[in-house]
Amino acid sequence: MIVAEKKPVEEIIDYVKDFKKLLIAGCNECVTVCEAGGKKEVGILASALRMYFLNEGKKVEIDEVTLERQCDHEYLEEIRDRIDKYDAVLSLACGVGVQFMAEKYFSTPVFPGVNTCFLGAAEERGVWSERCQACGQCILGETAGICPISRCAKRLLNGPCGGSTKGKCEINKDLDCAWQLIIDRLKELNRLDDYEKIMPIKDWSTERAGGPRKVVREDVRL
Amino acid sequence: MESIEGEPGDFKVTLTSYPRYIDPIKCTGCGECAKRCPVTAINMYNLGLDDRKATYIEYPQAVPLAFAIDIDTCIGCGLCEMMCLAKAINYEDNEKKSTICVGAVILSPGSEGFDPSGMDVLGYGKFANVVTSEEFERILSASGPYRGHLMRTLDREAPKKIAWIQCVGSRDVNLCGNGYCSSVCCMYAVKEAMIAKEHSHDDLDCAIFNMDIRSFGKDYEKYYNRAKDEHGVRFIKSRVHTINEDSTTGDLVIRYTDESGQTNEETFSMVVLSVGLQIPESVTALARRLDIELNNYNFAVTDPFAPVNSSRPGIFVSGVFQGPKDIPGSVTEASAAACAAGTKLAEARGTDTKTIEIPAEIDVLETETRIGVFVCNCGINIAGVVDVPAVADYAATLPYVVFVDQNLFTCSQDTQDKMKEVIKENNLNRVVVASCTPRTHEPLFQETLQACGLNKYLFEMANIRDQDSWVHANDPEAATEKAKDLVRMAVARAGLLKPLKEKKISINRRALVIGGGVAGMNAALGLADQGFDVVIVEKEAQLGGLSRDLTVTIEGADIQRYLLELVDRVTGHEKIQVLTESLIVGFSGFKGNFTTEIMVGPGMYERKIDHGVVILATGANEYKPEEYLYGQDYRVVTQIELGKRLEVKGADDISKVVMIQCVGSRNEKNQNCSRVCCQSAVKNALHIKEFNPDAEIYILYRDMRMYGLLEDYYTEARQQGIIFSRFSQDNPPNVEATDEGIAVTFKDHILQRDISITADLLALSAGMVAEDTEELASILKLPRNEEGYFIEAHVKLRPVDLANEGVFLCGTAHSPKLISEAISQALAAASRATIFLSQSEITLSAVTARVDPDLCAACLVCVRACPYEVPRINEEGVSEIDVALCHGCGICAAECPAKAIELDWYEDDQVMSKVEALLEGVL
């Protein structure tokens with residue numbers, strides 16, 4: 001899932017302080033699950049802003065909506081009939097949703113309410129950590145299901161480096177060394193021989209290095 | 001109680017009711033009579049530390065919560081009669097005799113604290129700052145004489161140092177003749193010390209002078225350790241012999257001899273005497289009248305295998321009258337007595353039950369909202385502060401309000417009748433009562449609504465008493481405004497209330513007992529004798545559990561003979577089915593409707609059993625020691641092994657025996673005390689002495705925990721020359737195997753030097769270890785503590801219930817205990833289960849959580865947040881909450897990031913409407 005974090009309310013206020021009619025739009029997918037931009041957070045942010053404007057003596061109308069997804073046209077279309085009522089939209093979706101909203105409603109200012117952080121998993125409630133960097137060329141099959149691209153600070157393909165101490169990474173003593181994890185799991189899987197294989201240079205063109213990416217699936221296109 | 005005549009099943013009981021002079025039915029507890037009463041009397045509830053009036057309620061939690069007149073101090077001025085708006089005063093009230101017919105009687109007359117006045121050396125009654133523990137308890141209480149402020153009695157100064165003297169009136173045949181241990185004083189002293197430290201503004205020094213600390217209850221040892229190690233409560237091993245007062249300061253000088261024989265003096269600002277429990281003279285007189293046999297300390301005589309049966313058939317006993325015990329023990333025993341009594345009365349169950357006829361519900365959703373508001377004066381409780389007519393006038397101006405009335409006492413029967421008429425006449429479909437707390441009267445008002453055909457959830461209360469007139473008594477104007485706010489909020493919510501359906505579910509009247517030891521079998525019989533079907537699941541091939549390894553109780557009762565009879569009764573009972581060599585592999589359902597999958601041996605075929613309740617009796621085992629050469633030398637045995645050996649071989653061949661206590665208990669691995677091992681040691685030691693009076697026996701201990709009546713056996717053991725020597729945890733005995741015997745070296749606490757004994761036999765008092773129930777607990781989703789014992793719903797008040805409804809607990813699955821205690825607890829669990837099984841259906845609360853599947857993002861937040869593990873993601877990929885399992889706590893509704901969950905009766909808009917009504921006009 002895409003993991004996002006709420007932006008500080010001061011930053012949001014700075015974006016919207018001069019508008020008179022605001023729509024706060026939540027998303028019922030990833031940001032709901034990581035408790036940053038679902039219907040509940042929309043309500044909380046709306047309350048906070050209403051209190052702010054009240055304190056400032058400003059009359060600002062704030063509406064709330066939570067769309068099923070902000071990364072699909074059909075769901076974004078649901079607010080087409082009323083979008084012109086608003087001076088600005090505050091989207092609590094991930095960066096994808098905010099942009100899609102902005103593309104769709106070209107003349108309405110759209111501001112982000114969250115910081116989109118990474119693709120990650122919920123280790124436990126309230127703790128998320130990165131697992132994938134969407135490099136476009138998955139090597140998890142070679143690395144015992146542990147991704148050195150997202151989890152090794154140096155993105156080493158043939159690790160570990162000399163900074164690995166007692167299974168931890170030199171950049172942070174609480175951070176597991178990805179290559180230690182890989183070796184441990186290869187051992188468990190009786191595949192330590194694979195570790196001996198030198199991994200070739202990775203083709204980074206499928207990653208950001210190759211510019212913005214696109215997936216086109218002719219088989220499912222209409 | 002004057003007398004009981006007749007036979008079990010048909011007793012005639014003669015009662016005398018003393019006059020109260022205030023009718024408890026009419027009295028509303030408003031307190032106006034006491035406020036006006038000119039008499040000052042001594043408040044004995046606070047043990048004479050403050051005063052009360054002649055009209056009084058004994059204590060804030062009294063039942064009934066109604067006033068009475070203390071006629072000994074009343075001067076008959078008549079003021080209270082003039083003041084009482086409820087017309088409850090009756091000076092002509094007199095003693096009344098009545099007889100009732102019952103099938104069984106349970107005696108729970110309780111005990112009193114020992115009066116230390118006669119003990120000169122302790123200075124009680126002579127020195128103001130020497131108080132009893134009961135007095136100190138009142139001093140610490142918020143409803144006590146000093147409102148919970150820690151002060152000493154002489155000068156109301158905050159004490160800097162407090163000493164507790166243990167065993168005052170207990171374990172003392174010398175000064176008072178009470179040879180028993182009162183069982184509770186060690187723990188209450190530790191508790192008082194901890195609370196005193198909490199209440200104190202300075203760094204309070206607390207010292208507890210004791211002979212042994214007897215923290216033998218479940219998790220008590222951990223509390224004792226916390227007091228000692230984290231809170232710095234000092235524990236001094238000494239029987240204090242003299243207390244003197246420093247007449248200039250009122251401080252108290254304690255002279256005591258410590259373990260090394262040195263006499264010390266220490267000054268304290270206050271001394272608390274930890275007084276023991278004692279049967280009052282009035283109770284012994286009652287027992288004589290009822291022909292109930294008492295022991296030499298006036299506790300009721302009971303059999304170890306029938307712990308709640310008195311000597312007179314049909315009369316049962318519970319609580320301290322049966323023997324000294326703490327609250328969990330008393331509560332357990334009370335349920336046990338109820339089970340024992342109920343067994344004989346099962347036929348009569350439900351014959352006196354009255355059913356209330358409820359008219360069909362009126363549909364209110366299609367009709368316009370019509371709210372009625374009833375504002376209560378509560379005598380002058382509310383009206384004395386709040387301008388009630390003004391609040392009523394204001395309520396009439398609120399939206400949808402079509403009727404407003406004010407009552408003197410809204411909760412009184414005549415007002416309820418009037419309310420019913422008004423509701424019908426005015427076609428009210430929502431009702432608001434502005435009065436006291438919903439905690440006490442909400443059900444009463446809801447019944448009134450139901451009697452008018454209104455759904456009980458169309459009701460709302462505004463608490464203008466506890467949260468208004470009582471707390472703002474000094475500012476009537478503001479209180480009146482607040483009352484208006486509270487009423488406006490209540491009306492706003494009332495308008496949004498919808499009728500809710502309470503689901504009724506049928507109950508499967510069969511019980512599943514897990515574990516076929518003494519506890520499991522007794523629980524099964526307790527239910528089966530009352531006519532309920534029971535299935536016992538036992539994993540071994542035979543019934544009996546740990547008891548199969550036991551020989552006699554310390555009282556000398558034959559456990560094997562008892563076990564044989566018990567197994568015979570269980571296997572021969574037509575209502576009991578026993579599955580041996582069986583294993584629980586699956587569990588589903590909810591209270592009243594469980595299904596358990598069992599692999600039944602020896603063929604291991606699968607069976608599914610439907611049942612309404614579960615009783616856990618999985619038991620515990622003796623710890624297998626890794627210490628002191630156990631398993632390496634045949635001369636080192638556990639107490640259970642020794643017990644069996646004595647049964648088989650006697651003790652003629654052993655002349656020197658050493659016993660070591662607390663093996664596998666009270667250490668880092670198992671912090672708790674195993675409760676039973678001290679008595680096992682004394683029992684076996686006395687048994688050896690019986691065979692071989694010349695045998696030398698040494699018991700090396702840390703604290704001898706011979707609680708309750710067991711103390712007598714400890715005394716007996718010392719009289720027989722058994723030597724007890726204390727060792728400290730950090731200096732345990734040293735054990736070596738030699739050709740001559742097992743050489744045990746230890747430091748004697750009195751001689752203060754090492755002693756070496758070469759023993760023929762070393763008996764280890766191995767503690768108890770809970771049966772391995774890890775898998776079972778995960779299948780049944782049941783909570784266990786670190787040591788693997790199941791966790792009850794409430795340590796004191798619900799000792800045999802689990803938080804999971806319909807699941808009960810007994811025996812050593814709860815914590816280590818003696819066989820008689822396990823039997824009590826088994827009967828108690830059966831009794832609690834009976835309450836459940838005797839209903840044909842149960843009504844579930846309508847206040848439960850509801851998921852809107854369209855909004856649900858299946859994020860798992862509810863699944864993770866629910867303390868009862870109720871929500872699950874279903875086949876459709878959305879959260880589903882089973883109303884039969886939901887406790888209605890609302891946590892999921894508050895946490896849901898998609899706002900997909902609503903708690904019925906507390907829907908978001910219903911809650912927010914109150915906030916909006918409160919802030920109306922402010923923003």
# chains A, B, ... in the order shown; residues from 1 in each chain; ligands from 1

$ residues_around --residues "segment 865-870 of chain B" --least-positions-apart "3" --cutoff "7 Å" --atoms "only C-alpha atoms" --output "JSON, numbers by chain"
{"B": [861, 862, 881, 882, 885, 886, 891, 892]}

$ write_last_selection --atoms "C-alpha atoms" --output "PDB file, in the first residue's frame"
ATOM      1  CA  VAL B 861      -8.129  -1.012  12.359  1.00  0.00           C
ATOM      2  CA  CYS B 862     -11.302  -2.321  14.071  1.00  0.00           C
ATOM      3  CA  ILE B 881     -19.290  -7.422  13.761  1.00  0.00           C
ATOM      4  CA  ASP B 882     -21.331 -10.159  15.417  1.00  0.00           C
ATOM      5  CA  LEU B 885     -20.289 -10.966  20.692  1.00  0.00           C
ATOM      6  CA  CYS B 886     -20.128  -7.155  20.615  1.00  0.00           C
ATOM      7  CA  ILE B 891     -13.871   1.709  20.364  1.00  0.00           C
ATOM      8  CA  CYS B 892     -14.172   0.498  16.750  1.00  0.00           C
TER       9      CYS B 892
END

$ interface_residues --of "chain A" --to "chain B" --cutoff "9 Å" --atoms "only C-alpha atoms" --output "list in words"
Cys27, Asn28, Glu29, Cys30, Thr32, Val33, Cys34, Glu35, Ala36, Gly37, Gly38, Lys39, Lys40, Glu41, Leu54, Thr66, Glu68, Glu124 and Arg125 of chain A

$ residues_around --residues "Gly113 of chain A" --least-positions-apart "5" --cutoff "7 Å" --atoms "only C-alpha atoms" --output "VMD selection string"
chain A and resid 6 to 7 12 90 to 92

$ write_last_selection --atoms "N, CA and C atoms" --output "compact mmCIF listing (two decimals), in the first residue's frame"
# COMPACT_ATOMS: atom_id res chain seq x y z
N LYS A 6 0.12 12.57 7.67
CA LYS A 6 -0.60 13.85 7.67
C LYS A 6 0.40 15.01 7.63
N LYS A 7 0.05 16.03 6.88
CA LYS A 7 0.88 17.24 6.90
C LYS A 7 0.58 18.02 8.18
N ILE A 12 -0.93 23.30 6.10
CA ILE A 12 -2.19 23.27 5.35
C ILE A 12 -2.88 24.63 5.44
N LEU A 90 -8.69 20.58 -1.04
CA LEU A 90 -7.59 20.04 -0.24
C LEU A 90 -7.72 18.53 -0.33
N SER A 91 -6.81 17.89 -1.02
CA SER A 91 -6.94 16.44 -1.22
C SER A 91 -6.08 15.70 -0.20
N LEU A 92 -6.70 14.76 0.50
CA LEU A 92 -5.95 13.95 1.46
C LEU A 92 -5.51 12.63 0.84

$ residues_around --residues "Lys608 of chain B" --least-positions-apart "4" --cutoff "7 Å" --atoms "only C-alpha atoms" --output "list of chain:residue names"
B:Thr595, B:Thr596, B:Glu597, B:Ile598

$ write_last_selection --atoms "N, CA and C atoms" --output "PDB file, in the first residue's frame"
ATOM      1  N   THR B 595     -19.938 -24.078  19.940  1.00  0.00           N
ATOM      2  CA  THR B 595     -19.706 -25.398  19.358  1.00  0.00           C
ATOM      3  C   THR B 595     -18.230 -25.727  19.539  1.00  0.00           C
ATOM      4  N   THR B 596     -17.966 -26.877  20.116  1.00  0.00           N
ATOM      5  CA  THR B 596     -16.578 -27.280  20.342  1.00  0.00           C
ATOM      6  C   THR B 596     -16.289 -28.562  19.581  1.00  0.00           C
ATOM      7  N   GLU B 597     -15.186 -28.556  18.886  1.00  0.00           N
ATOM      8  CA  GLU B 597     -14.764 -29.771  18.178  1.00  0.00           C
ATOM      9  C   GLU B 597     -13.758 -30.505  19.044  1.00  0.00           C
ATOM     10  N   ILE B 598     -13.990 -31.782  19.203  1.00  0.00           N
ATOM     11  CA  ILE B 598     -13.147 -32.574  20.102  1.00  0.00           C
ATOM     12  C   ILE B 598     -12.662 -33.828  19.387  1.00  0.00           C
TER      13      ILE B 598
END

$ residues_around --residues "segment 176-184 of chain A" --least-positions-apart "4" --cutoff "8 Å" --atoms "only C-alpha atoms" --output "count of residues only"
17

$ residues_around --residues "segment 385-392 of chain B" --least-positions-apart "4" --cutoff "6 Å" --atoms "only C-alpha atoms" --output "VMD selection string"
chain B and resid 469 473 476 479 to 480 484

$ write_last_selection --atoms "C-alpha atoms" --output "compact mmCIF listing (two decimals), in the first residue's frame"
# COMPACT_ATOMS: atom_id res chain seq x y z
CA SER B 469 -26.63 20.98 41.56
CA ALA B 473 -24.18 24.27 45.03
CA PRO B 476 -27.32 28.67 41.89
CA ALA B 479 -26.17 25.97 37.96
CA THR B 480 -29.57 26.93 36.52
CA LYS B 484 -30.69 24.51 30.74
